[in-house]
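Text of start_12.cif, listed as mmCIF, C-alpha atoms:
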data_my_file
#
loop_
_atom_site.group_PDB
_atom_site.id
_atom_site.type_symbol
_atom_site.label_atom_id
_atom_site.label_comp_id
_atom_site.auth_asym_id
_atom_site.auth_seq_id
_atom_site.Cartn_x
_atom_site.Cartn_y
_atom_site.Cartn_z
ATOM 1 C CA MET W 1 -5.806 -29.924 14.696
ATOM 2 C CA SER W 2 -4.280 -26.734 16.002
ATOM 3 C CA ARG W 3 -6.730 -24.749 18.107
ATOM 4 C CA ILE W 4 -5.289 -21.467 16.881
ATOM 5 C CA GLY W 5 -4.606 -22.593 13.313
ATOM 6 C CA LYS W 6 -8.159 -23.725 12.574
ATOM 7 C CA LEU W 7 -9.746 -20.377 13.504
ATOM 8 C CA PRO W 8 -10.504 -18.196 10.469
ATOM 9 C CA ILE W 9 -9.380 -14.546 10.386
ATOM 10 C CA PRO W 10 -12.246 -12.177 9.526
ATOM 11 C CA LEU W 11 -11.238 -9.477 7.032
ATOM 12 C CA VAL W 12 -13.069 -6.341 8.155
ATOM 13 C CA SER W 13 -14.082 -3.638 5.704
ATOM 14 C CA GLY W 14 -11.106 -1.688 4.412
ATOM 15 C CA VAL W 15 -8.735 -4.662 4.686
ATOM 16 C CA LYS W 16 -7.628 -6.433 1.521
ATOM 17 C CA ALA W 17 -5.571 -9.643 1.567
ATOM 18 C CA THR W 18 -3.870 -11.282 -1.401
ATOM 19 C CA ILE W 19 -1.976 -14.560 -1.509
ATOM 20 C CA LYS W 20 1.124 -14.742 -3.721
ATOM 21 C CA ASP W 21 3.457 -17.747 -3.754
ATOM 22 C CA ASN W 22 4.374 -18.323 -0.103
ATOM 23 C CA GLU W 23 3.315 -14.927 1.204
ATOM 24 C CA ILE W 24 0.194 -13.059 2.286
ATOM 25 C CA LEU W 25 0.011 -9.323 1.563
ATOM 26 C CA VAL W 26 -2.410 -7.447 3.822
ATOM 27 C CA GLU W 27 -3.386 -3.856 3.010
ATOM 28 C CA GLY W 28 -5.435 -1.649 5.305
ATOM 29 C CA PRO W 29 -6.010 1.930 6.365
ATOM 30 C CA LYS W 30 -2.698 2.143 8.286
ATOM 31 C CA GLY W 31 -0.424 0.514 5.681
ATOM 32 C CA LYS W 32 0.773 -2.751 4.150
ATOM 33 C CA LEU W 33 2.285 -5.834 5.816
ATOM 34 C CA THR W 34 3.359 -9.262 4.604
ATOM 35 C CA ALA W 35 3.358 -12.586 6.404
ATOM 36 C CA PRO W 36 5.104 -15.766 5.221
ATOM 37 C CA ILE W 37 3.251 -19.026 4.620
ATOM 38 C CA PRO W 38 5.405 -21.965 5.766
ATOM 39 C CA GLU W 39 5.828 -25.143 3.725
ATOM 40 C CA GLY W 40 2.949 -27.585 4.144
ATOM 41 C CA ILE W 41 0.411 -24.863 4.991
ATOM 42 C CA THR W 42 -2.125 -23.500 2.498
ATOM 43 C CA ALA W 43 -4.059 -20.255 2.875
ATOM 44 C CA THR W 44 -7.427 -19.521 1.275
ATOM 45 C CA ILE W 45 -9.731 -16.511 1.206
ATOM 46 C CA GLU W 46 -13.453 -17.368 1.248
ATOM 47 C CA ASN W 47 -16.469 -15.334 2.386
ATOM 48 C CA ASN W 48 -14.216 -12.427 3.434
ATOM 49 C CA GLU W 49 -12.312 -14.736 5.819
ATOM 50 C CA LEU W 50 -8.717 -15.942 5.694
ATOM 51 C CA ALA W 51 -8.348 -19.647 6.589
ATOM 52 C CA PHE W 52 -5.335 -21.953 6.942
ATOM 53 C CA THR W 53 -5.149 -25.713 6.397
ATOM 54 C CA ARG W 54 -2.218 -28.069 6.666
ATOM 55 C CA ALA W 55 -1.151 -30.876 4.374
ATOM 56 C CA GLY W 56 -0.362 -33.560 6.952
ATOM 57 C CA ASP W 57 -0.005 -34.367 10.622
ATOM 58 C CA GLU W 58 3.782 -34.457 10.894
ATOM 59 C CA GLY W 59 5.158 -32.604 13.915
ATOM 60 C CA ALA W 60 6.928 -29.879 11.943
ATOM 61 C CA VAL W 61 3.848 -29.059 9.854
ATOM 62 C CA ARG W 62 1.545 -29.107 12.887
ATOM 63 C CA ALA W 63 3.838 -26.682 14.703
ATOM 64 C CA LYS W 64 3.725 -24.210 11.814
ATOM 65 C CA HIS W 65 -0.071 -24.285 11.452
ATOM 66 C CA GLY W 66 -0.822 -22.013 14.405
ATOM 67 C CA LEU W 67 2.242 -19.887 13.671
ATOM 68 C CA ALA W 68 1.091 -19.071 10.133
ATOM 69 C CA ARG W 69 -2.365 -18.069 11.368
ATOM 70 C CA ALA W 70 -0.946 -15.930 14.224
ATOM 71 C CA LEU W 71 1.439 -14.061 11.908
ATOM 72 C CA ALA W 72 -1.366 -13.319 9.443
ATOM 73 C CA ASN W 73 -3.677 -12.204 12.263
ATOM 74 C CA ASN W 74 -0.968 -9.837 13.538
ATOM 75 C CA CYS W 75 -0.840 -8.300 10.054
ATOM 76 C CA VAL W 76 -4.618 -7.800 9.955
ATOM 77 C CA VAL W 77 -4.706 -6.264 13.444
ATOM 78 C CA GLY W 78 -1.660 -4.119 12.642
ATOM 79 C CA VAL W 79 -3.111 -2.517 9.518
ATOM 80 C CA THR W 80 -6.451 -1.814 11.245
ATOM 81 C CA GLN W 81 -5.610 -0.899 14.871
ATOM 82 C CA GLY W 82 -1.821 -0.952 15.207
ATOM 83 C CA PHE W 83 0.246 -2.029 18.196
ATOM 84 C CA LYS W 84 1.816 -0.142 21.069
ATOM 85 C CA LYS W 85 4.167 -0.857 23.949
ATOM 86 C CA GLN W 86 4.623 1.416 26.930
ATOM 87 C CA LEU W 87 7.826 1.722 28.925
ATOM 88 C CA GLN W 88 8.165 3.340 32.335
ATOM 89 C CA ILE W 89 11.456 5.138 33.011
ATOM 90 C CA ILE W 90 12.203 5.659 36.698
ATOM 91 C CA GLY W 91 15.288 7.430 38.041
ATOM 92 C CA VAL W 92 16.540 10.778 39.279
ATOM 93 C CA GLY W 93 17.693 12.854 36.322
ATOM 94 C CA TYR W 94 16.464 10.391 33.697
ATOM 95 C CA ARG W 95 15.001 12.195 30.664
ATOM 96 C CA VAL W 96 13.605 11.281 27.250
ATOM 97 C CA ASN W 97 13.381 13.506 24.153
ATOM 98 C CA CYS W 98 11.411 12.112 21.205
ATOM 99 C CA SER W 99 11.630 13.363 17.640
ATOM 100 C CA ALA W 100 10.312 11.914 14.383
ATOM 101 C CA LYS W 101 13.492 9.966 13.596
ATOM 102 C CA GLU W 102 15.100 9.155 16.975
ATOM 103 C CA ILE W 103 14.728 8.932 20.722
ATOM 104 C CA GLU W 104 17.333 10.631 22.900
ATOM 105 C CA LEU W 105 17.605 8.945 26.294
ATOM 106 C CA HIS W 106 19.439 10.324 29.322
ATOM 107 C CA LEU W 107 19.690 7.284 31.603
ATOM 108 C CA GLY W 108 22.411 8.213 34.077
ATOM 109 C CA TYR W 109 25.353 7.522 31.799
ATOM 110 C CA SER W 110 27.987 10.163 31.005
ATOM 111 C CA HIS W 111 26.458 10.666 27.553
ATOM 112 C CA PRO W 112 22.957 10.663 26.040
ATOM 113 C CA ILE W 113 21.929 7.582 24.075
ATOM 114 C CA LYS W 114 20.394 8.243 20.644
ATOM 115 C CA TYR W 115 18.165 5.408 19.450
ATOM 116 C CA PRO W 116 17.130 5.726 15.756
ATOM 117 C CA LEU W 117 13.528 4.865 14.904
ATOM 118 C CA PRO W 118 12.815 2.829 11.747
ATOM 119 C CA ALA W 119 10.163 3.960 9.273
ATOM 120 C CA GLY W 120 6.609 3.352 10.460
ATOM 121 C CA ILE W 121 7.422 3.557 14.179
ATOM 122 C CA THR W 122 6.529 6.548 16.336
ATOM 123 C CA ALA W 123 7.468 7.343 19.922
ATOM 124 C CA VAL W 124 5.879 9.748 22.406
ATOM 125 C CA SER W 125 7.010 10.508 25.944
ATOM 126 C CA GLU W 126 5.007 12.063 28.754
ATOM 127 C CA GLN W 127 5.676 12.863 32.397
ATOM 128 C CA ASP W 128 3.706 10.874 34.997
ATOM 129 C CA ARG W 129 3.518 13.122 38.059
ATOM 130 C CA ALA W 130 1.865 10.509 40.290
ATOM 131 C CA THR W 131 4.742 8.010 40.080
ATOM 132 C CA LYS W 132 7.475 10.575 39.268
ATOM 133 C CA SER W 133 8.402 8.668 36.138
ATOM 134 C CA ILE W 134 8.369 9.043 32.359
ATOM 135 C CA ILE W 135 6.028 6.978 30.187
ATOM 136 C CA LEU W 136 7.479 6.226 26.728
ATOM 137 C CA THR W 137 4.905 4.937 24.217
ATOM 138 C CA ILE W 138 6.129 3.150 21.071
ATOM 139 C CA GLU W 139 3.543 2.630 18.312
ATOM 140 C CA GLY W 140 3.535 0.995 14.890
ATOM 141 C CA ILE W 141 1.785 -1.501 12.648
ATOM 142 C CA ASP W 142 4.374 -4.309 12.864
ATOM 143 C CA LYS W 143 3.990 -6.155 16.182
ATOM 144 C CA GLN W 144 7.414 -7.768 16.021
ATOM 145 C CA MET W 145 9.197 -4.479 15.328
ATOM 146 C CA VAL W 146 7.368 -2.591 18.110
ATOM 147 C CA GLY W 147 8.208 -5.329 20.615
ATOM 148 C CA GLN W 148 11.858 -5.508 19.521
ATOM 149 C CA ILE W 149 12.362 -1.748 19.822
ATOM 150 C CA ALA W 150 10.783 -1.770 23.291
ATOM 151 C CA ALA W 151 13.061 -4.655 24.334
ATOM 152 C CA ASN W 152 16.151 -2.873 22.957
ATOM 153 C CA ILE W 153 15.324 0.322 24.864
ATOM 154 C CA ARG W 154 14.667 -1.658 28.063
ATOM 155 C CA LYS W 155 18.046 -3.337 27.629
ATOM 156 C CA LEU W 156 19.819 0.056 27.745
ATOM 157 C CA ARG W 157 19.166 0.338 31.504
ATOM 158 C CA LYS W 158 17.441 -2.702 33.005
ATOM 159 C CA PRO W 159 15.554 -2.111 36.274
ATOM 160 C CA GLU W 160 17.776 -2.794 39.239
ATOM 161 C CA PRO W 161 16.389 -4.726 42.228
ATOM 162 C CA TYR W 162 17.440 -2.426 45.095
ATOM 163 C CA LYS W 163 15.932 0.973 44.267
ATOM 164 C CA GLY W 164 13.878 -0.034 41.216
ATOM 165 C CA LYS W 165 15.533 2.511 38.932
ATOM 166 C CA GLY W 166 15.745 1.846 35.200
ATOM 167 C CA VAL W 167 13.550 1.157 32.192
ATOM 168 C CA ARG W 168 10.695 -1.305 32.592
ATOM 169 C CA TYR W 169 7.492 -2.203 30.787
ATOM 170 C CA LEU W 170 4.447 -0.362 32.138
ATOM 171 C CA GLY W 171 2.912 -2.565 34.827
ATOM 172 C CA GLU W 172 5.964 -4.840 35.116
ATOM 173 C CA GLN W 173 6.630 -5.952 38.689
ATOM 174 C CA ILE W 174 10.261 -5.883 39.816
ATOM 175 C CA LEU W 175 11.246 -8.156 42.695
ATOM 176 C CA ARG W 176 12.871 -5.789 45.178
ATOM 177 C CA LYS W 177 15.741 -6.940 47.397
ATOM 178 C CA ALA W 178 16.554 -5.723 50.875
ATOM 179 C CA GLY W 179 19.717 -3.690 51.147
ATOM 180 C CA LYS W 180 22.495 -4.171 53.676
ATOM 181 C CA SER W 181 21.359 -4.711 57.223
ATOM 182 C CA GLY W 182 24.382 -3.234 58.981
ATOM 183 C CA LYS W 183 24.457 -2.262 62.648
#
As structure tokens, how would this structure be written, given the file I've shared?
Amino acid sequence: MSRIGKLPIPLVSGVKATIKDNEILVEGPKGKLTAPIPEGITATIENNELAFTRAGDEGAVRAKHGLARALANNCVVGVTQGFKKQLQIIGVGYRVNCSAKEIELHLGYSHPIKYPLPAGITAVSEQDRATKSIILTIEGIDKQMVGQIAANIRKLRKPEPYKGKGVRYLGEQILRKAGKSGK
């Protein structure tokens, strides 16, 4: 039995879940999300809890048991609390301008990079005087989308190992290399 898959998901007050065909629709105070139910997995709602059971013990079905529960749990957490990722932008002259529909990044290239934000995602930037960097916070209800946007922005200017400049996740440790040791 999957350790993750057998745990029930409590539906707190204000959260409503419905099961249709091979999909779970979760509605809460922050919005609506859907999660797929893979083949061989059944979902039930009893006593204000969402539970998952599997049909057999084949490897493919066992692998999807925990996945189905984790995706549904991400929906429940997303519509109640939401998710956020923080990026730290370090570099001389690097700037970030956030608006409702896009992020404009100045990352040392000859032109600014405009990254459009999908619906339901917000971004806020603030200056961190202690580390002389910019903290970019990306928030939304869909965990996968928030993580993908953060990864795409990090990919625009990955942190380099010599000076540590670039875009990194907040708290990420970069292995620094020694420069040239000339005479």
Within 8 Å of stretch 15-18 of chain W: each stretch 57-167 of chain W residue with its shortest pair, all atoms listed in the file, as a Markdown table:
| residue | atom | partner | partner_atom | distance |
| --- | --- | --- | --- | --- |
| W:Val76 | CA | W:Val15 | CA | 7.4 |
| W:Val79 | CA | W:Val15 | CA | 7.7 |
| W:Thr80 | CA | W:Val15 | CA | 7.5 |
Original post:
Can you find the residues with an atom no farther than 8 Å from (16.5, 8.5, 36.3), counting all atoms listed in the file, and report them as a PyMOL selection string?
Top reply: chain W and resi 89-95+106-108+165-166
**OP:** Name all residues at most 6 Å from W:Gly5 (count all atoms listed in the file; drop same-chain ones fewer than 2 positions away) and give them as a list of chain:residue names.
**Re:**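 In the requested form, the answer reads W:Ser2, W:Arg3, W:Leu7, W:His65, W:Gly66, W:Arg69.
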Original post:
Expanded to explicit residues, what is the PyMOL selection byres ((chain W and resi 134) around 9) for this file, as a ChimeraX atom specification?
Top reply: /W:87-90,94-96,125-129,131-133,135-136
**OP:** Can you turn the PyMOL selection byres ((chain W and resi 151) around 12) into a concrete residue list for this file, as a PyMOL selection string?
**Re:** chain W and resi 85-87+138+144-150+152-158+167-169
**OP:** Pick out the residues sitting within 10 Å of W:Glu49, and hand them over as JSON, numbers by chain; count all atoms listed in the file, and ignore anything fewer than 4 positions along from it in its own chain.
**Re:** {"W": [7, 8, 9, 10, 11, 12, 17, 44, 45]}
Original post:
What do you get, as a list in words, if you spell out every residue that the PyMOL selection byres ((chain W and resi 53-57) around 7) selects here?
Top reply: Gly40, Ile41, Thr42, Ala43, Ala51, Phe52, Glu58, Gly59, Val61, Arg62 and His65 of chain W
**OP:** Tell me, as a list in words, which residues lie within 9 Å of W:Lys32, counting all atoms listed in the file; anything in the same chain fewer than 4 positions away does not count.
**Re:** Leu25, Val26, Glu27, Gly28, Cys75, Gly78, Val79 and Ile141 of chain W
